[in-house]
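Colleague: What follows is my_file25.txt, compact mmCIF, C-alpha atoms and all ligand atoms.
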```txt
# COMPACT_ATOMS: atom_id res chain seq x y z
CA MET A 1 0.00 0.00 0.00
CA HIS A 2 1.09 3.55 -0.68
CA PRO A 3 2.65 4.86 2.56
CA GLN A 4 0.23 6.91 4.67
CA HIS A 5 1.38 10.39 5.60
CA ASP A 6 2.95 11.41 8.88
CA MET A 7 -0.14 12.21 10.95
CA SER A 8 1.55 12.59 14.35
CA LYS A 9 0.17 16.06 15.16
CA SER A 10 -3.34 15.00 14.09
CA GLU A 11 -3.06 11.87 16.22
CA GLU A 12 -1.94 13.94 19.20
CA LEU A 13 -4.80 16.42 18.69
CA PHE A 14 -7.29 13.60 18.19
CA ALA A 15 -6.21 11.97 21.48
CA ARG A 16 -6.72 15.32 23.24
CA ALA A 17 -10.00 15.90 21.45
CA GLU A 18 -11.42 12.53 22.48
CA LEU A 19 -11.01 13.55 26.14
CA VAL A 20 -13.22 16.62 25.81
CA ILE A 21 -15.41 16.12 22.72
CA PRO A 22 -17.53 13.01 22.09
CA GLY A 23 -15.58 10.90 19.59
CA GLY A 24 -13.15 13.81 19.28
CA VAL A 25 -15.36 15.53 16.71
CA ASN A 26 -18.30 17.89 16.52
CA SER A 27 -20.07 15.85 13.87
CA PRO A 28 -19.81 12.04 13.73
CA VAL A 29 -18.80 11.54 10.10
CA ARG A 30 -15.66 13.60 10.72
CA ALA A 31 -14.28 10.87 13.00
CA PHE A 32 -13.27 8.73 9.98
CA ARG A 33 -14.64 5.65 11.82
CA SER A 34 -16.13 4.07 8.72
CA VAL A 35 -12.82 4.38 6.86
CA GLY A 36 -10.65 3.16 9.77
CA LEU A 37 -8.24 6.07 10.04
CA THR A 38 -7.41 8.86 12.46
CA PRO A 39 -8.96 12.01 11.01
CA PHE A 40 -6.58 14.69 9.83
CA PHE A 41 -6.94 17.99 11.68
CA VAL A 42 -7.11 20.99 9.39
CA GLU A 43 -4.65 23.85 9.61
CA SER A 44 -5.93 25.82 6.61
CA ALA A 45 -7.57 25.50 3.19
CA ARG A 46 -7.64 27.49 -0.01
CA GLY A 47 -9.36 26.81 -3.31
CA SER A 48 -9.38 23.10 -4.10
CA ARG A 49 -6.81 22.23 -1.44
CA ILE A 50 -6.96 21.56 2.30
CA ASN A 51 -3.87 21.39 4.55
CA ASP A 52 -3.53 19.37 7.74
CA VAL A 53 -1.57 20.20 10.89
CA ASP A 54 1.25 17.84 9.84
CA GLY A 55 1.96 19.84 6.71
CA ASN A 56 0.16 17.46 4.33
CA SER A 57 -1.88 19.02 1.54
CA TYR A 58 -4.83 17.31 -0.14
CA LEU A 59 -7.10 17.92 -3.10
CA ASP A 60 -10.42 18.29 -1.28
CA TYR A 61 -13.65 16.73 -2.58
CA VAL A 62 -15.50 17.20 0.73
CA GLN A 63 -15.49 21.04 0.54
CA SER A 64 -17.27 21.24 3.90
CA TRP A 65 -19.96 18.85 2.63
CA GLY A 66 -20.80 21.10 -0.28
CA ALA A 67 -20.72 24.50 1.41
CA SER A 68 -17.61 25.75 -0.44
CA ILE A 69 -18.79 25.80 -4.04
CA LEU A 70 -16.29 28.54 -4.97
CA GLY A 71 -13.51 26.64 -3.19
CA HIS A 72 -12.05 27.28 0.24
CA ALA A 73 -11.23 30.81 1.46
CA ASP A 74 -12.31 32.54 -1.73
CA PRO A 75 -10.82 36.06 -1.37
CA ARG A 76 -14.09 37.67 -2.48
CA VAL A 77 -16.03 35.86 0.24
CA ILE A 78 -13.37 36.57 2.88
CA ALA A 79 -13.54 40.26 1.98
CA ALA A 80 -17.34 40.28 2.27
CA ILE A 81 -17.19 38.62 5.70
CA SER A 82 -14.40 40.95 6.92
CA GLU A 83 -16.27 44.03 5.75
CA ALA A 84 -19.43 42.88 7.51
CA ALA A 85 -17.52 41.97 10.68
CA GLU A 86 -16.09 45.50 10.89
CA ARG A 87 -19.66 46.71 11.38
CA GLY A 88 -20.58 44.08 13.98
CA THR A 89 -21.03 40.31 14.09
CA THR A 90 -24.58 39.84 15.32
CA TYR A 91 -27.43 42.12 16.31
CA GLY A 92 -30.54 40.08 17.04
CA ALA A 93 -32.28 42.65 14.89
CA PRO A 94 -33.24 42.73 11.19
CA THR A 95 -30.70 43.81 8.56
CA GLU A 96 -30.85 44.69 4.85
CA HIS A 97 -28.69 41.69 3.90
CA GLU A 98 -31.34 39.32 5.25
CA VAL A 99 -33.92 40.95 3.00
CA GLU A 100 -31.56 40.79 0.02
CA LEU A 101 -30.72 37.12 0.61
CA ALA A 102 -34.39 36.19 0.96
CA GLU A 103 -35.11 38.10 -2.27
CA VAL A 104 -32.28 36.32 -4.11
CA ILE A 105 -33.46 32.87 -2.97
CA ALA A 106 -37.10 33.65 -3.79
CA SER A 107 -36.18 34.96 -7.24
CA SER A 108 -34.04 31.88 -7.99
CA VAL A 109 -36.28 28.97 -6.97
CA ARG A 110 -39.69 28.12 -8.48
CA GLY A 111 -42.30 27.78 -5.75
CA VAL A 112 -40.42 29.96 -3.25
CA ALA A 113 -42.06 33.32 -2.59
CA MET A 114 -41.01 33.73 1.04
CA VAL A 115 -38.07 32.52 3.13
CA ARG A 116 -37.16 32.18 6.79
CA LEU A 117 -33.41 32.09 7.46
CA VAL A 118 -32.11 29.74 10.16
CA SER A 119 -28.67 28.46 11.21
CA SER A 120 -28.61 24.83 10.09
CA GLY A 121 -30.24 22.42 7.70
CA THR A 122 -31.61 20.53 10.68
CA GLU A 123 -33.48 23.64 11.80
CA ALA A 124 -34.74 24.29 8.28
CA VAL A 125 -36.16 20.76 7.98
CA MET A 126 -37.63 20.80 11.48
CA THR A 127 -39.39 24.07 10.59
CA ALA A 128 -40.62 22.84 7.21
CA ILE A 129 -42.20 19.78 8.84
CA ARG A 130 -43.78 21.92 11.56
CA ILE A 131 -45.27 24.20 8.90
CA ALA A 132 -46.63 21.19 7.01
CA ARG A 133 -48.19 19.71 10.14
CA GLY A 134 -49.58 23.03 11.29
CA ALA A 135 -50.96 24.01 7.91
CA THR A 136 -52.60 20.64 7.17
CA GLY A 137 -53.64 19.74 10.71
CA ARG A 138 -52.17 16.30 10.03
CA ASP A 139 -49.37 14.45 11.88
CA ARG A 140 -47.84 11.85 9.54
CA VAL A 141 -44.51 12.48 7.80
CA VAL A 142 -43.20 10.23 5.02
CA LYS A 143 -39.46 10.04 4.45
CA PHE A 144 -37.23 7.73 2.48
CA ALA A 145 -34.67 5.23 3.73
CA GLY A 146 -31.18 6.54 3.10
CA CYS A 147 -32.27 10.17 2.92
CA TYR A 148 -30.86 12.34 5.69
CA HIS A 149 -32.61 15.49 6.79
CA GLY A 150 -30.58 16.52 9.83
CA HIS A 151 -30.96 15.23 13.34
CA SER A 152 -34.31 16.50 14.60
CA ASP A 153 -36.27 13.70 16.25
CA ALA A 154 -39.04 13.22 13.71
CA VAL A 155 -36.66 12.51 10.82
CA LEU A 156 -34.01 10.53 12.70
CA ALA A 157 -35.52 7.27 11.61
CA GLY A 158 -33.88 5.10 8.97
CA GLY A 159 -31.69 8.03 7.90
CA GLY A 160 -28.66 8.23 5.65
CA SER A 161 -25.40 10.17 6.10
CA GLY A 162 -24.14 9.92 9.69
CA VAL A 163 -26.90 7.61 10.85
CA ALA A 164 -26.38 5.14 8.01
CA THR A 165 -22.61 5.36 8.41
CA LEU A 166 -22.96 4.59 12.09
CA GLY A 167 -25.28 1.75 11.16
CA LEU A 168 -27.98 3.13 13.46
CA PRO A 169 -31.36 2.47 11.85
CA ASP A 170 -32.59 5.23 14.20
CA SER A 171 -31.12 6.81 17.33
CA LEU A 172 -31.31 6.19 21.06
CA GLY A 173 -32.85 9.18 22.81
CA VAL A 174 -35.44 9.55 20.09
CA THR A 175 -38.65 8.37 21.72
CA LYS A 176 -40.91 5.95 19.93
CA ASN A 177 -43.60 8.63 20.04
CA ALA A 178 -41.31 11.07 18.27
CA VAL A 179 -41.07 8.77 15.25
CA ALA A 180 -44.49 7.10 15.62
CA ASP A 181 -45.80 9.41 12.89
CA THR A 182 -42.78 9.00 10.64
CA LEU A 183 -43.12 6.47 7.86
CA VAL A 184 -39.95 5.33 6.17
CA VAL A 185 -40.20 3.87 2.68
CA ASP A 186 -37.72 3.02 -0.04
CA TYR A 187 -36.37 5.78 -2.26
CA ASN A 188 -37.53 5.55 -5.84
CA THR A 189 -40.82 4.02 -4.78
CA ILE A 190 -44.06 5.99 -4.65
CA PRO A 191 -45.54 5.50 -1.16
CA ASP A 192 -49.22 5.06 -0.42
CA ILE A 193 -50.23 8.44 0.92
CA ASN A 194 -53.50 8.74 2.76
CA SER A 195 -55.37 11.60 4.32
CA ASP A 196 -53.43 11.57 7.59
CA VAL A 197 -50.12 12.44 5.91
CA ALA A 198 -49.03 16.04 6.45
CA CYS A 199 -46.02 15.87 4.17
CA VAL A 200 -43.62 13.82 2.15
CA ILE A 201 -40.03 14.96 2.61
CA VAL A 202 -37.48 13.90 0.04
CA GLU A 203 -34.00 14.72 -1.14
CA PRO A 204 -34.96 15.28 -4.79
CA VAL A 205 -31.46 14.04 -5.60
CA ALA A 206 -30.54 11.64 -2.80
CA ALA A 207 -27.01 12.46 -1.64
CA ASN A 208 -26.75 10.86 1.80
CA MET A 209 -26.53 7.25 0.71
CA GLY A 210 -24.04 8.11 -1.95
CA LEU A 211 -25.61 9.73 -5.01
CA VAL A 212 -28.92 8.14 -6.00
CA PRO A 213 -30.73 10.20 -8.65
CA PRO A 214 -34.51 9.94 -8.85
CA ASP A 215 -35.81 7.46 -11.43
CA PRO A 216 -37.41 9.19 -14.44
CA GLY A 217 -40.90 10.31 -13.38
CA TYR A 218 -40.29 9.65 -9.70
CA LEU A 219 -40.58 13.23 -8.50
CA GLU A 220 -43.62 13.76 -10.71
CA GLY A 221 -45.12 10.67 -9.08
CA LEU A 222 -44.51 12.04 -5.60
CA ARG A 223 -46.03 15.36 -6.62
CA SER A 224 -49.26 13.81 -7.88
CA ALA A 225 -49.51 11.37 -4.95
CA CYS A 226 -49.27 14.33 -2.57
CA ASP A 227 -51.83 16.32 -4.55
CA GLN A 228 -54.29 13.42 -4.51
CA ALA A 229 -53.94 13.01 -0.74
CA GLY A 230 -53.82 16.73 0.12
CA ALA A 231 -50.32 16.29 1.55
CA LEU A 232 -47.49 18.78 1.12
CA LEU A 233 -44.29 17.89 -0.75
CA ILE A 234 -41.04 19.08 0.84
CA PHE A 235 -37.85 19.16 -1.26
CA ASP A 236 -34.88 19.02 1.08
CA GLU A 237 -32.36 20.84 -1.12
CA VAL A 238 -29.74 21.44 1.55
CA ILE A 239 -27.29 19.70 -0.80
CA SER A 240 -28.89 20.05 -4.26
CA GLY A 241 -30.04 23.67 -3.85
CA PHE A 242 -27.78 26.17 -5.66
CA ARG A 243 -25.52 23.19 -6.31
CA ILE A 244 -26.98 21.34 -9.31
CA SER A 245 -28.26 24.59 -10.81
CA ARG A 246 -29.33 28.06 -9.74
CA GLY A 247 -32.91 26.90 -9.30
CA GLY A 248 -32.02 23.53 -7.78
CA ALA A 249 -34.04 20.38 -8.34
CA SER A 250 -37.35 22.02 -9.18
CA GLU A 251 -35.68 23.90 -12.04
CA HIS A 252 -33.71 20.83 -13.15
CA PHE A 253 -36.62 18.37 -13.06
CA GLY A 254 -39.51 20.79 -13.64
CA VAL A 255 -41.34 19.63 -10.52
CA ASP A 256 -42.39 22.12 -7.83
CA ALA A 257 -42.53 21.31 -4.14
CA ASP A 258 -44.70 23.10 -1.58
CA LEU A 259 -41.81 23.75 0.83
CA TYR A 260 -38.06 23.78 0.32
CA THR A 261 -35.05 23.67 2.59
CA PHE A 262 -31.63 25.03 1.68
CA GLY A 263 -28.25 25.20 3.38
CA LYS A 264 -24.50 24.89 2.71
CA VAL A 265 -23.96 26.99 -0.48
CA ILE A 266 -26.34 29.79 0.59
CA GLY A 267 -24.30 30.49 3.71
CA GLY A 268 -21.00 30.74 1.86
CA GLY A 269 -19.40 28.46 4.46
CA LEU A 270 -20.93 30.15 7.51
CA PRO A 271 -23.84 28.77 9.58
CA LEU A 272 -26.91 29.63 7.53
CA ALA A 273 -29.82 27.66 6.11
CA ALA A 274 -33.34 28.47 4.99
CA VAL A 275 -36.88 27.18 4.65
CA GLY A 276 -38.99 28.59 1.83
CA GLY A 277 -42.36 28.26 0.15
CA SER A 278 -45.51 30.10 -0.84
CA GLN A 279 -46.52 33.23 1.07
CA ASP A 280 -49.65 31.44 2.35
CA LEU A 281 -47.62 28.63 3.88
CA MET A 282 -44.73 30.74 5.15
CA ARG A 283 -47.05 33.32 6.73
CA GLU A 284 -48.20 30.53 9.03
CA LEU A 285 -44.94 31.12 10.90
CA ALA A 286 -44.78 33.43 13.91
CA PRO A 287 -45.19 36.32 14.19
CA THR A 288 -47.74 36.34 11.33
CA GLY A 289 -49.14 32.90 12.10
CA PRO A 290 -49.61 30.32 14.85
CA ILE A 291 -46.59 28.12 14.06
CA TYR A 292 -43.67 29.04 16.29
CA GLN A 293 -40.07 29.17 15.12
CA ALA A 294 -37.16 31.36 16.25
CA GLY A 295 -33.36 31.65 16.43
CA THR A 296 -30.88 33.94 18.14
CA LEU A 297 -28.41 33.91 15.26
CA SER A 298 -30.90 33.41 12.42
CA GLY A 299 -29.90 35.54 9.43
CA ASN A 300 -26.52 36.28 10.99
CA PRO A 301 -24.94 39.31 9.27
CA LEU A 302 -21.62 37.58 8.54
CA ALA A 303 -23.38 34.55 7.06
CA THR A 304 -25.74 36.63 4.93
CA ALA A 305 -22.80 38.69 3.65
CA ALA A 306 -20.95 35.49 2.70
CA GLY A 307 -24.03 33.88 1.18
CA LEU A 308 -24.91 36.95 -0.90
CA LYS A 309 -21.36 37.18 -2.24
CA VAL A 310 -21.34 33.50 -3.25
CA LEU A 311 -24.78 33.61 -4.88
CA SER A 312 -23.80 36.77 -6.77
CA LEU A 313 -20.99 34.77 -8.41
CA LEU A 314 -23.12 31.74 -9.35
CA ASP A 315 -24.61 32.53 -12.75
CA PRO A 316 -25.89 29.73 -15.06
CA ARG A 317 -22.46 29.65 -16.77
CA ALA A 318 -20.79 28.80 -13.45
CA PHE A 319 -23.04 25.78 -12.96
CA ASP A 320 -22.46 24.63 -16.54
CA GLU A 321 -18.71 25.02 -16.09
CA LEU A 322 -18.81 23.06 -12.84
CA SER A 323 -20.98 20.37 -14.38
CA ALA A 324 -18.56 19.96 -17.28
CA ARG A 325 -15.67 19.62 -14.84
CA VAL A 326 -17.51 16.94 -12.86
CA GLU A 327 -18.42 15.16 -16.09
CA ARG A 328 -14.70 15.00 -17.01
CA LEU A 329 -13.81 13.74 -13.52
CA VAL A 330 -16.51 11.06 -13.50
CA GLY A 331 -15.62 9.81 -16.99
CA GLY A 332 -12.00 9.58 -15.96
CA LEU A 333 -12.78 7.80 -12.68
CA VAL A 334 -14.94 5.17 -14.41
CA GLU A 335 -12.22 4.52 -16.99
CA ALA A 336 -9.31 4.47 -14.53
CA ILE A 337 -11.01 2.34 -11.86
CA SER A 338 -12.65 -0.10 -14.29
CA ALA A 339 -9.28 -0.62 -16.02
CA SER A 340 -8.04 -2.20 -12.78
CA GLY A 341 -10.80 -4.79 -12.90
CA LEU A 342 -12.71 -3.36 -9.93
CA GLU A 343 -16.48 -3.13 -10.44
CA VAL A 344 -17.52 0.48 -9.95
CA GLN A 345 -20.49 2.79 -10.45
CA VAL A 346 -19.87 6.54 -10.49
CA PRO A 347 -23.32 8.16 -10.73
CA ARG A 348 -23.44 11.85 -11.56
CA LEU A 349 -26.19 14.40 -11.59
CA ARG A 350 -24.84 17.66 -13.00
CA THR A 351 -22.35 18.74 -10.32
CA LEU A 352 -22.80 15.88 -7.83
CA PHE A 353 -21.15 12.45 -7.99
CA SER A 354 -20.32 9.49 -5.80
CA ILE A 355 -18.40 6.23 -6.04
CA PHE A 356 -19.99 2.82 -5.40
CA PHE A 357 -17.87 -0.32 -5.69
CA THR A 358 -20.54 -2.59 -7.07
CA ASP A 359 -21.56 -4.10 -10.39
CA ALA A 360 -25.04 -2.61 -10.76
CA PRO A 361 -26.54 0.88 -10.50
CA VAL A 362 -27.59 1.85 -6.96
CA ARG A 363 -31.30 2.79 -6.77
CA ASN A 364 -32.00 2.82 -3.01
CA PHE A 365 -30.52 2.45 0.44
CA ALA A 366 -30.40 -1.34 0.41
CA ASP A 367 -28.31 -1.24 -2.78
CA ALA A 368 -26.07 1.45 -1.28
CA LYS A 369 -25.60 -0.52 1.95
CA ARG A 370 -24.64 -3.66 0.06
CA ALA A 371 -21.95 -1.72 -1.78
CA ALA A 372 -20.69 0.02 1.37
CA ASP A 373 -20.59 -3.20 3.39
CA SER A 374 -18.03 -4.68 1.00
CA GLY A 375 -15.46 -2.38 2.61
CA VAL A 376 -13.89 -1.59 -0.75
CA TYR A 377 -14.78 2.10 -0.53
CA ALA A 378 -12.92 2.38 2.80
CA ARG A 379 -9.80 0.83 1.24
CA PHE A 380 -10.08 3.15 -1.75
CA PHE A 381 -10.49 6.15 0.57
CA ARG A 382 -7.31 5.27 2.47
CA SER A 383 -5.33 4.69 -0.69
CA MET A 384 -6.49 7.99 -2.24
CA LEU A 385 -5.73 9.90 0.96
CA ALA A 386 -2.21 8.49 0.88
CA ARG A 387 -2.03 10.04 -2.62
CA ASN A 388 -3.20 13.40 -1.27
CA ILE A 389 -6.77 13.13 -2.49
CA SER A 390 -9.36 13.74 0.24
CA LEU A 391 -12.65 12.03 -0.55
CA ALA A 392 -15.70 11.84 1.73
CA PRO A 393 -14.79 9.60 4.70
CA SER A 394 -17.94 7.55 4.20
CA ALA A 395 -19.40 5.50 1.35
CA TYR A 396 -22.74 7.18 2.06
CA GLU A 397 -21.61 10.67 1.12
CA VAL A 398 -21.13 12.36 -2.24
CA GLY A 399 -18.20 14.17 -3.80
CA PHE A 400 -18.09 17.94 -4.23
CA VAL A 401 -16.03 19.66 -6.91
CA SER A 402 -15.60 23.41 -6.48
CA LEU A 403 -15.15 26.12 -9.09
CA ALA A 404 -11.56 26.32 -7.83
CA HIS A 405 -10.76 22.76 -8.95
CA THR A 406 -8.55 23.06 -12.03
CA ASP A 407 -8.21 20.70 -14.99
CA GLU A 408 -4.83 19.68 -13.54
CA ASP A 409 -6.55 18.81 -10.23
CA ILE A 410 -9.06 16.66 -12.11
CA GLU A 411 -6.37 14.86 -14.11
CA ALA A 412 -4.26 14.25 -10.98
CA THR A 413 -7.31 12.78 -9.24
CA ILE A 414 -8.03 10.44 -12.14
CA GLU A 415 -4.41 9.26 -12.20
CA ALA A 416 -4.41 8.64 -8.44
CA ALA A 417 -7.70 6.74 -8.74
CA GLY A 418 -6.20 4.38 -11.31
CA GLU A 419 -3.23 3.63 -9.04
CA SER A 420 -5.41 3.25 -5.95
CA ALA A 421 -7.83 0.91 -7.72
CA ILE A 422 -4.96 -1.46 -8.59
CA GLU A 423 -3.65 -1.27 -5.04
CA VAL A 424 -7.10 -1.96 -3.59
CA LEU A 425 -7.71 -4.92 -5.90
CA GLU A 426 -4.36 -6.42 -4.89
CA SER A 427 -5.30 -6.01 -1.22
CA LEU A 428 -8.59 -7.89 -1.52
P1 LIG B 1 -27.07 20.50 8.98
O1 LIG B 1 -27.98 20.49 10.20
O2 LIG B 1 -25.91 19.52 9.12
O3 LIG B 1 -26.63 21.89 8.59
O4 LIG B 1 -27.95 19.98 7.74
C1 LIG B 1 -28.63 18.76 7.85
C2 LIG B 1 -28.93 18.23 6.46
C3 LIG B 1 -30.23 18.33 5.98
N1 LIG B 1 -30.56 17.88 4.75
C4 LIG B 1 -29.63 17.29 3.96
C5 LIG B 1 -30.04 16.79 2.61
C6 LIG B 1 -28.29 17.16 4.39
O5 LIG B 1 -27.38 16.56 3.60
C7 LIG B 1 -27.92 17.64 5.66
C8 LIG B 1 -26.52 17.53 6.21
N2 LIG B 1 -25.55 16.96 5.35
C9 LIG B 1 -24.46 16.25 5.99
C10 LIG B 1 -23.58 15.62 4.90
N3 LIG B 1 -24.26 14.68 4.12
C11 LIG B 1 -23.70 17.13 6.91
C12 LIG B 1 -22.39 16.57 7.36
C13 LIG B 1 -22.40 16.27 8.83
O6 LIG B 1 -23.44 15.80 9.33
O7 LIG B 1 -21.34 16.53 9.46
```
If you took the structure in this file and wrote it as structure tokens, what would it be?
Ligand code: KE4
Modeller:
Amino acid sequence: MHPQHDMSKSEELFARAELVIPGGVNSPVRAFRSVGLTPFFVESARGSRINDVDGNSYLDYVQSWGASILGHADPRVIAAISEAAERGTTYGAPTEHEVELAEVIASSVRGVAMVRLVSSGTEAVMTAIRIARGATGRDRVVKFAGCYHGHSDAVLAGGGSGVATLGLPDSLGVTKNAVADTLVVDYNTIPDINSDVACVIVEPVAANMGLVPPDPGYLEGLRSACDQAGALLIFDEVISGFRISRGGASEHFGVDADLYTFGKVIGGGLPLAAVGGSQDLMRELAPTGPIYQAGTLSGNPLATAAGLKVLSLLDPRAFDELSARVERLVGGLVEAISASGLEVQVPRLRTLFSIFFTDAPVRNFADAKRAADSGVYARFFRSMLARNISLAPSAYEVGFVSLAHTDEDIEATIEAAGESAIEVLESL
């Protein structure tokens, strides 16, 4: 195997971290448990590269789980944050940037006329579900196995991302009552929706069990099933929003949801997320309506400054350029890995991709779990990291290319993948 890097400072920090932070990390997937390594601790990052505390530098395809679409530490974003910080960091009072960001999101996404800014995707999803339940007077929520919608109780049942990686079909501490109204069905199947269902929440492009695009007609099927039952359709676009295109999944697939959640890209790397929908639905939120929701740092002025700067730089050409770059990467990965004899699927939807070591396309969580359980992805991860390529430390995540990734970065990644695939095959 290619020699792993000197990670002594990371190992020392990790040992310290484990004494004062559960698992040594502030979010489980960062612990590298499913890939069997000590996580590297970051010293800095810029553009497509991230640098650890031992002086190792990696091409980064995590990009803070999709938040850094321009690449790390983009000077234009740093300047916007610095300029905002000079005027204050938080007020607990409304600002013009919050209005501007809400206007930009509403003008970009079909079906969004009004927006409430919050600080995390979890909060955005929790709020969207509360709106759906309050507006319909119904309790039931339908979600899909392998889709992850943050860690609020109602959706922490049969999730993807961290939960799937940890192999927890749901979570201790979540009471049976909290998920008693949550129905979990397979992705890419149209559930039976009856009149006690408040909403169906879906990742329109599933990206927390690896990348699993919707089957042709699937989203249309969910839309009409919801309409027939009087249930609301929620598109959780925390990953796909402002990532696959300016207008996200509803623009790409031509299907409108009733409520949307966004995160990551719209905060420019700072804690910011959003829930959006029609004025009628959104006005159900306090103080205009009876559905309560609040947040001390909601619409934080540094995060809105960063988000506005990023969104101002994401015109349709930027998404097309990014999609072309991902297309080149994916084509190269399929060729390089297959040449070794390893069976691999590298699904792509515009700017999102993931790598499954399996012989057939992955259509749902069971397929994704079968591929992940082979352990090949973990071996490939370790081998690529040794070659200075940082992939998602879990087979259930997707890869993120930024606008800072150059053609040379892409070619170097493809070359490393070919070498790693041979090494992995020899190790099996
Ligand atoms: P946050 O609460 O982590 O900001 O967002 C939750 C969330 C909601 N919806 C979707 C579709 C998401 O993907 C996420 C969070 N994404 C994961 C990565 N797949 C965050 C990484 C982590 O948990 O550390």
Colleague: Report the distance between atom C7 of ligand LIG 1 (chain B) and CA of Ile21 (chain A) in Å, rounded to one decimal place.
Modeller: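 Those two atoms sit 21.2 Å apart.
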Colleague: Go through A:Thr358, A:Thr127, A:Ser48, A:Asn56 and flag the residue nearest ligand LIG 1 (chain B), using only C-alpha atoms and all ligand atoms for the distances.
Modeller: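 Going through A:Thr358, A:Thr127, A:Ser48, A:Asn56 one by one, the smallest distance to ligand LIG 1 (chain B) is for A:Thr127.
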Colleague: Name the closest residue to ligand LIG 1 (chain B) among the candidates A:Asp6, A:Glu123, A:Glu11, A:Glu86; distances are taken between atoms, counting only C-alpha atoms and all ligand atoms.
Modeller: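 Going through A:Asp6, A:Glu123, A:Glu11, A:Glu86 one by one, the smallest distance to ligand LIG 1 (chain B) is for A:Glu123.
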Colleague: If you count all atoms listed in the file, which residues fall within 8 Å of Ile291 (chain A), apart from same-chain ones fewer than 3 positions away, as a list in words?
Modeller: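 Everything that qualifies: Arg130, Ile131, Gly134, Glu284, Leu285 and Ala286 of chain A.
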Colleague: Using all atoms listed in the file, which of A:Gly418, A:Gly241, A:Pro94, A:Gly375 sits nearest Ser34 (chain A)?
Modeller: A:Gly375
Colleague: Determine the nearest neighbour of ligand LIG 1 (chain B) from the options A:Leu272, A:Leu117, A:Ala45, A:Leu172, counting all atoms listed in the file.
Modeller: A:Leu272
